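Dumped final.txt below, it's compact mmCIF, C-alpha atoms:
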# COMPACT_ATOMS: atom_id res chain seq x y z
CA MET A 20 -45.15 -68.71 33.53
CA PRO A 21 -46.03 -69.57 37.10
CA ARG A 22 -47.41 -73.05 37.66
CA ASN A 23 -49.78 -71.90 40.43
CA ARG A 24 -51.99 -70.01 37.93
CA LEU A 25 -54.06 -73.06 36.92
CA TRP A 26 -56.88 -71.05 35.32
CA ILE A 27 -54.54 -69.77 32.63
CA ARG A 28 -53.34 -73.26 31.78
CA GLU A 29 -56.79 -74.81 31.40
CA GLU A 30 -58.26 -71.95 29.44
CA THR A 31 -55.23 -71.74 27.19
CA ARG A 32 -55.65 -75.38 26.21
CA MET A 33 -59.35 -74.89 25.47
CA LEU A 34 -58.69 -71.79 23.38
CA GLY A 35 -56.03 -73.66 21.42
CA ALA A 36 -58.53 -76.45 20.75
CA ILE A 37 -61.05 -73.84 19.58
CA GLN A 38 -58.44 -72.43 17.19
CA ILE A 39 -57.71 -75.88 15.77
CA MET A 40 -61.42 -76.65 15.32
CA THR A 41 -62.01 -73.25 13.70
CA GLY A 42 -59.21 -73.97 11.24
CA ILE A 43 -60.66 -77.37 10.39
CA LEU A 44 -64.15 -75.91 9.91
CA LEU A 45 -62.81 -73.14 7.66
CA HIS A 46 -61.06 -75.73 5.51
CA CYS A 47 -64.25 -77.81 5.23
CA LEU A 48 -66.25 -74.70 4.27
CA GLY A 49 -63.67 -74.01 1.56
CA LEU A 50 -64.15 -77.52 0.22
CA LEU A 51 -67.93 -77.00 0.22
CA TRP A 52 -67.38 -73.76 -1.67
CA ILE A 53 -65.38 -75.53 -4.36
CA TYR A 54 -68.07 -78.19 -4.71
CA LEU A 55 -70.80 -75.56 -4.93
CA LEU A 56 -68.85 -73.55 -7.49
CA PHE A 57 -68.34 -76.55 -9.78
CA THR A 58 -71.92 -77.83 -9.50
CA GLN A 59 -73.50 -74.44 -10.10
CA THR A 60 -71.27 -73.90 -13.13
CA ILE A 61 -72.56 -77.14 -14.62
CA ALA A 62 -76.23 -76.63 -13.70
CA PHE A 63 -76.69 -72.86 -14.15
CA GLU A 64 -75.44 -70.17 -16.47
CA ALA A 65 -75.03 -67.53 -13.78
CA ILE A 66 -72.63 -68.33 -10.99
CA TYR A 67 -71.83 -66.61 -7.72
CA THR A 68 -68.06 -66.29 -7.60
CA PRO A 69 -66.86 -65.73 -4.05
CA LEU A 70 -63.98 -63.33 -3.47
CA ALA A 71 -62.83 -65.36 -0.47
CA LEU A 72 -62.53 -68.51 -2.59
CA LEU A 73 -60.74 -66.70 -5.42
CA THR A 74 -58.07 -65.62 -2.93
CA ALA A 75 -58.05 -69.14 -1.39
CA TYR A 76 -58.69 -67.58 2.02
CA PRO A 77 -60.37 -70.66 3.57
CA PHE A 78 -57.34 -72.82 2.82
CA TRP A 79 -54.32 -70.73 3.79
CA SER A 80 -56.07 -69.18 6.78
CA SER A 81 -57.13 -72.59 8.09
CA LEU A 82 -53.52 -73.78 8.04
CA LEU A 83 -52.40 -70.72 9.98
CA PHE A 84 -55.24 -71.07 12.50
CA ILE A 85 -54.42 -74.73 13.09
CA PHE A 86 -50.74 -73.83 13.44
CA SER A 87 -51.41 -71.12 16.03
CA GLY A 88 -53.82 -73.42 17.90
CA ALA A 89 -51.20 -76.16 18.02
CA PHE A 90 -48.66 -73.71 19.43
CA THR A 91 -51.21 -72.62 22.03
CA VAL A 92 -51.93 -76.18 23.15
CA PHE A 93 -48.23 -77.04 23.15
CA LEU A 94 -47.55 -73.95 25.29
CA GLU A 95 -49.81 -75.31 28.00
CA LYS A 96 -47.97 -78.63 28.03
CA ARG A 97 -44.38 -77.34 27.89
CA ARG A 98 -43.90 -73.92 29.33
CA SER A 99 -40.80 -72.13 28.13
CA PRO A 100 -39.95 -68.52 27.31
CA PHE A 101 -39.23 -69.43 23.69
CA LEU A 102 -42.58 -71.18 23.30
CA VAL A 103 -44.37 -68.17 24.79
CA SER A 104 -42.70 -65.98 22.16
CA TYR A 105 -43.61 -68.36 19.32
CA THR A 106 -47.20 -68.63 20.53
CA LEU A 107 -47.46 -64.87 20.80
CA GLY A 108 -46.10 -64.41 17.27
CA ALA A 109 -48.32 -67.10 15.77
CA ASN A 110 -51.43 -65.65 17.40
CA ILE A 111 -50.60 -62.11 16.30
CA ILE A 112 -50.23 -63.38 12.73
CA SER A 113 -53.48 -65.30 13.13
CA ALA A 114 -55.29 -62.16 14.29
CA CYS A 115 -53.90 -60.20 11.31
CA ILE A 116 -55.04 -62.93 8.91
CA SER A 117 -58.48 -62.81 10.53
CA VAL A 118 -58.69 -59.06 9.91
CA ILE A 119 -57.71 -59.59 6.27
CA GLY A 120 -60.39 -62.29 5.96
CA LEU A 121 -63.04 -60.05 7.50
CA PHE A 122 -62.08 -57.35 5.02
CA LEU A 123 -62.32 -59.76 2.06
CA LEU A 124 -65.66 -61.13 3.21
CA SER A 125 -67.04 -57.63 3.80
CA ILE A 126 -66.11 -56.66 0.24
CA GLU A 127 -67.76 -59.86 -0.99
CA PHE A 128 -70.97 -59.02 0.90
CA ILE A 129 -71.00 -55.51 -0.57
CA ILE A 130 -70.49 -56.83 -4.10
CA TYR A 131 -73.21 -59.45 -3.61
CA SER A 132 -75.72 -56.92 -2.23
CA LYS A 133 -75.11 -54.55 -5.16
CA SER A 134 -75.30 -57.19 -7.88
CA SER A 135 -78.13 -59.48 -6.84
CA LYS A 136 -81.74 -58.47 -7.15
CA ASN A 137 -83.41 -61.81 -7.85
CA SER A 138 -80.90 -64.45 -6.87
CA LEU A 139 -80.97 -68.17 -7.48
CA TRP A 140 -80.50 -70.77 -4.75
CA PRO A 141 -76.78 -71.23 -5.50
CA HIS A 142 -76.28 -67.52 -4.85
CA LYS A 143 -78.16 -67.72 -1.58
CA SER A 144 -76.29 -70.84 -0.47
CA GLY A 145 -73.01 -69.23 -1.49
CA LYS A 146 -73.82 -66.17 0.56
CA LEU A 147 -74.70 -68.43 3.49
CA LEU A 148 -71.31 -70.18 3.26
CA SER A 149 -69.63 -66.77 3.22
CA GLU A 150 -71.58 -65.78 6.31
CA TYR A 151 -70.35 -68.92 8.08
CA LEU A 152 -66.81 -68.02 7.06
CA PHE A 153 -67.38 -64.54 8.47
CA ILE A 154 -68.62 -65.87 11.82
CA LEU A 155 -65.74 -68.34 12.16
CA THR A 156 -63.24 -65.62 11.26
CA ILE A 157 -64.66 -63.35 13.97
CA LEU A 158 -64.32 -66.25 16.42
CA GLU A 159 -60.69 -66.78 15.43
CA LEU A 160 -59.94 -63.07 15.77
CA PHE A 161 -61.46 -63.06 19.24
CA VAL A 162 -59.62 -66.19 20.41
CA ALA A 163 -56.28 -65.12 18.89
CA SER A 164 -56.58 -61.75 20.61
CA ILE A 165 -57.21 -63.35 24.00
CA VAL A 166 -54.34 -65.82 23.64
CA SER A 167 -52.02 -63.02 22.46
CA HIS A 168 -52.95 -60.97 25.50
CA TRP A 169 -52.34 -63.90 27.86
CA ALA A 170 -49.03 -64.77 26.19
CA SER A 171 -47.82 -61.18 26.45
CA GLN A 172 -48.78 -61.12 30.13
CA ALA A 173 -46.96 -64.43 30.70
CA LYS A 174 -43.92 -63.06 28.90
CA LYS A 175 -43.91 -59.96 31.12
CA ARG A 176 -44.23 -62.07 34.29
CA GLY A 177 -41.47 -64.40 33.16
CA ARG A 178 -38.85 -61.65 33.07
Before anything else, please render the file you have as structure tokens.
Amino acid sequence: MPRNRLWIREETRMLGAIQIMTGILLHCLGLLWIYLLFTQTIAFEAIYTPLALLTAYPFWSSLLFIFSGAFTVFLEKRRSPFLVSYTLGANIISACISVIGLFLLSIEFIIYSKSSKNSLWPHKSGKLLSEYLFILTILELFVASIVSHWASQAKKRGR
């Protein structure tokens, strides 16, 4: 990667930080989901069981998003052809995981819209947490796609 392209270096670091923060926020939303699930089970008879939480999507995806963000930030600090390849691979995997998460959350929204006519507040708050997961997953897909594109361009220029 050429050192004279400063705009790539600065933006790459920021996008890596966004990926790390997105991973942390997804993990925190997963913890909120677990708390909501246990408290609504105790307080109410009917519970809203999220498909994303049953598959543990907030937890394993957050680890992968943090991992790809760390590779992206590390790429900016130490530029090497091997690190470009690792960053490209990690961000492609991150984008694929984001697509899987969007698919799971879309199915959850369809199930929720079909099953709920008069929903209780735990159902509404559960749907709101799923919507936040959806928005953060779209953000991660967008950022991982941009970083993958930049890494592939850097790999082509490095040859």
* Polymer residues at most 10 Å from Thr74 (chain A), only C-alpha atoms, same-chain spacing of 4 or more positions, as a list in words -> Pro69, Leu70, Phe78, Trp79, Gly120 and Leu123 of chain A
* **Who sits within 12 Å of Trp169 (chain A), only C-alpha atoms, same chain under 4 positions skipped, as a PyMOL selection string** => chain A and resi 20+24+26-28+30-31+34+91+94-95+103-104+106-107+110-111+162-165+173-176
* For Ile116 (chain A), the nearest of the candidates A:Leu45, A:Ser80, A:Gly35, A:Glu150, counting all atoms listed in the file ->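 Of A:Leu45, A:Ser80, A:Gly35, A:Glu150, the one nearest Ile116 (chain A), counting all atoms listed in the file, is A:Ser80.
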* Structure fact -> From the list A:Ala114, A:Ile43, A:Ser99, A:Ile53, the nearest residue to His168 (chain A) using only C-alpha atoms is A:Ala114
* Asked: Looking at A:Leu102, A:Leu158, A:Leu147, A:Val92, which one is nearest to Val118 (chain A), with distances taken over all atoms listed in the file?
  -> A:Leu158
* To do: Rank A:His142, A:Thr156, A:Trp52, A:Ala89 by their smallest atom-to-atom distance to Ala75 (chain A), using all atoms listed in the file, and report the top residue only.
  =>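 Once distances to Ala75 (chain A) are computed over all atoms listed in the file, the minimum belongs to A:Trp52.
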* **Contacts of region 82-84 of chain A at 8 Å (only C-alpha atoms; same-chain gap of 3+ positions) as a list in words** =>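 My reading of the contact set: Gln38, Ile39, Thr41, Gly42, Phe78, Trp79, Ser87, Gly88, Ala109, Ser113 and Glu159 of chain A.
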Might you pull out every residue within 10 Å of Ala71 (chain A), with all atoms listed in the file counted and same-chain residues fewer than 5 positions away left off, and present them as an mmCIF file with C-alpha atoms, in the frame of the given file?
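File selection_12.cif, as written:
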data_model
loop_
_atom_site.group_PDB
_atom_site.id
_atom_site.type_symbol
_atom_site.label_atom_id
_atom_site.label_comp_id
_atom_site.auth_asym_id
_atom_site.auth_seq_id
_atom_site.Cartn_x
_atom_site.Cartn_y
_atom_site.Cartn_z
ATOM 1 C CA GLY A 49 -63.670 -74.010 1.560
ATOM 2 C CA TRP A 52 -67.380 -73.760 -1.670
ATOM 3 C CA TYR A 76 -58.690 -67.580 2.020
ATOM 4 C CA PRO A 77 -60.370 -70.660 3.570
ATOM 5 C CA PHE A 78 -57.340 -72.820 2.820
ATOM 6 C CA GLY A 120 -60.390 -62.290 5.960
ATOM 7 C CA LEU A 121 -63.040 -60.050 7.500
ATOM 8 C CA PHE A 122 -62.080 -57.350 5.020
ATOM 9 C CA LEU A 123 -62.320 -59.760 2.060
ATOM 10 C CA LEU A 124 -65.660 -61.130 3.210
ATOM 11 C CA SER A 125 -67.040 -57.630 3.800
ATOM 12 C CA ILE A 126 -66.110 -56.660 0.240
ATOM 13 C CA GLU A 127 -67.760 -59.860 -0.990
ATOM 14 C CA SER A 149 -69.630 -66.770 3.220
ATOM 15 C CA LEU A 152 -66.810 -68.020 7.060
#
* Could you list as JSON, numbers by chain every residue that has an atom within 6 Å of (-74.3, -64.9, -4.1), using the file's coordinates and counting all atoms listed in the file? -> {"A": [67, 131, 142, 143, 145, 146]}
* Structure fact -> With distances taken over all atoms listed in the file, the candidate from A:Leu50, A:Phe128, A:Phe57, A:Cys115 nearest Ile157 (chain A) is A:Cys115
Supply region 138-162 of chain A as a tab-separated table (two decimals), in the frame of the given file, with N, CA, C and O atoms built in where the input has gaps.
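This went into part-v9.tsv:
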chain	number	residue	atom	x	y	z
A	138	SER	N	-81.97	-63.47	-6.83
A	138	SER	CA	-80.90	-64.45	-6.87
A	138	SER	C	-81.44	-65.88	-6.86
A	138	SER	O	-82.50	-66.15	-6.32
A	139	LEU	N	-80.65	-66.75	-7.44
A	139	LEU	CA	-80.97	-68.17	-7.48
A	139	LEU	C	-80.51	-68.84	-6.19
A	139	LEU	O	-79.79	-68.25	-5.40
A	140	TRP	N	-80.90	-70.08	-5.98
A	140	TRP	CA	-80.50	-70.77	-4.75
A	140	TRP	C	-79.00	-70.94	-4.63
A	140	TRP	O	-78.49	-70.91	-3.52
A	141	PRO	N	-78.23	-71.13	-5.71
A	141	PRO	CA	-76.78	-71.23	-5.50
A	141	PRO	C	-76.18	-69.92	-4.97
A	141	PRO	O	-75.23	-69.95	-4.20
A	142	HIS	N	-76.76	-68.80	-5.36
A	142	HIS	CA	-76.28	-67.52	-4.85
A	142	HIS	C	-76.58	-67.40	-3.36
A	142	HIS	O	-75.74	-66.95	-2.58
A	143	LYS	N	-77.79	-67.80	-2.99
A	143	LYS	CA	-78.16	-67.72	-1.58
A	143	LYS	C	-77.34	-68.69	-0.73
A	143	LYS	O	-76.91	-68.35	0.38
A	144	SER	N	-77.11	-69.90	-1.24
A	144	SER	CA	-76.29	-70.84	-0.47
A	144	SER	C	-74.83	-70.40	-0.44
A	144	SER	O	-74.14	-70.59	0.58
A	145	GLY	N	-74.36	-69.77	-1.50
A	145	GLY	CA	-73.01	-69.23	-1.49
A	145	GLY	C	-72.85	-68.10	-0.49
A	145	GLY	O	-71.85	-68.02	0.22
A	146	LYS	N	-73.86	-67.25	-0.41
A	146	LYS	CA	-73.82	-66.17	0.56
A	146	LYS	C	-73.87	-66.73	1.98
A	146	LYS	O	-73.19	-66.23	2.89
A	147	LEU	N	-74.63	-67.79	2.18
A	147	LEU	CA	-74.70	-68.43	3.49
A	147	LEU	C	-73.34	-69.02	3.90
A	147	LEU	O	-72.92	-68.88	5.04
A	148	LEU	N	-72.65	-69.66	2.96
A	148	LEU	CA	-71.31	-70.18	3.26
A	148	LEU	C	-70.35	-69.04	3.60
A	148	LEU	O	-69.52	-69.17	4.50
A	149	SER	N	-70.48	-67.92	2.91
A	149	SER	CA	-69.63	-66.77	3.22
A	149	SER	C	-69.95	-66.21	4.60
A	149	SER	O	-69.05	-65.76	5.32
A	150	GLU	N	-71.22	-66.24	4.97
A	150	GLU	CA	-71.58	-65.78	6.31
A	150	GLU	C	-71.00	-66.69	7.39
A	150	GLU	O	-70.56	-66.22	8.44
A	151	TYR	N	-70.98	-67.99	7.14
A	151	TYR	CA	-70.35	-68.92	8.08
A	151	TYR	C	-68.85	-68.64	8.18
A	151	TYR	O	-68.28	-68.68	9.27
A	152	LEU	N	-68.22	-68.39	7.05
A	152	LEU	CA	-66.81	-68.02	7.06
A	152	LEU	C	-66.58	-66.76	7.89
A	152	LEU	O	-65.62	-66.65	8.65
A	153	PHE	N	-67.48	-65.80	7.73
A	153	PHE	CA	-67.38	-64.54	8.47
A	153	PHE	C	-67.47	-64.77	9.97
A	153	PHE	O	-66.66	-64.25	10.75
A	154	ILE	N	-68.43	-65.58	10.40
A	154	ILE	CA	-68.62	-65.87	11.82
A	154	ILE	C	-67.41	-66.60	12.40
A	154	ILE	O	-66.92	-66.27	13.48
A	155	LEU	N	-66.91	-67.60	11.68
A	155	LEU	CA	-65.74	-68.34	12.16
A	155	LEU	C	-64.49	-67.46	12.19
A	155	LEU	O	-63.64	-67.62	13.07
A	156	THR	N	-64.38	-66.53	11.27
A	156	THR	CA	-63.24	-65.62	11.26
A	156	THR	C	-63.31	-64.66	12.43
A	156	THR	O	-62.28	-64.34	13.04
A	157	ILE	N	-64.50	-64.20	12.77
A	157	ILE	CA	-64.66	-63.35	13.97
A	157	ILE	C	-64.27	-64.14	15.22
A	157	ILE	O	-63.59	-63.62	16.11
A	158	LEU	N	-64.69	-65.40	15.28
A	158	LEU	CA	-64.32	-66.25	16.42
A	158	LEU	C	-62.81	-66.40	16.52
A	158	LEU	O	-62.24	-66.28	17.60
A	159	GLU	N	-62.14	-66.63	15.40
A	159	GLU	CA	-60.69	-66.78	15.43
A	159	GLU	C	-60.00	-65.48	15.83
A	159	GLU	O	-59.03	-65.51	16.58
A	160	LEU	N	-60.51	-64.35	15.38
A	160	LEU	CA	-59.94	-63.07	15.77
A	160	LEU	C	-60.07	-62.87	17.28
A	160	LEU	O	-59.11	-62.45	17.95
A	161	PHE	N	-61.21	-63.20	17.81
A	161	PHE	CA	-61.46	-63.06	19.24
A	161	PHE	C	-60.54	-63.96	20.05
A	161	PHE	O	-59.88	-63.53	21.01
A	162	VAL	N	-60.44	-65.23	19.68
A	162	VAL	CA	-59.62	-66.19	20.41
A	162	VAL	C	-58.13	-65.84	20.28
A	162	VAL	O	-57.39	-65.88	21.27
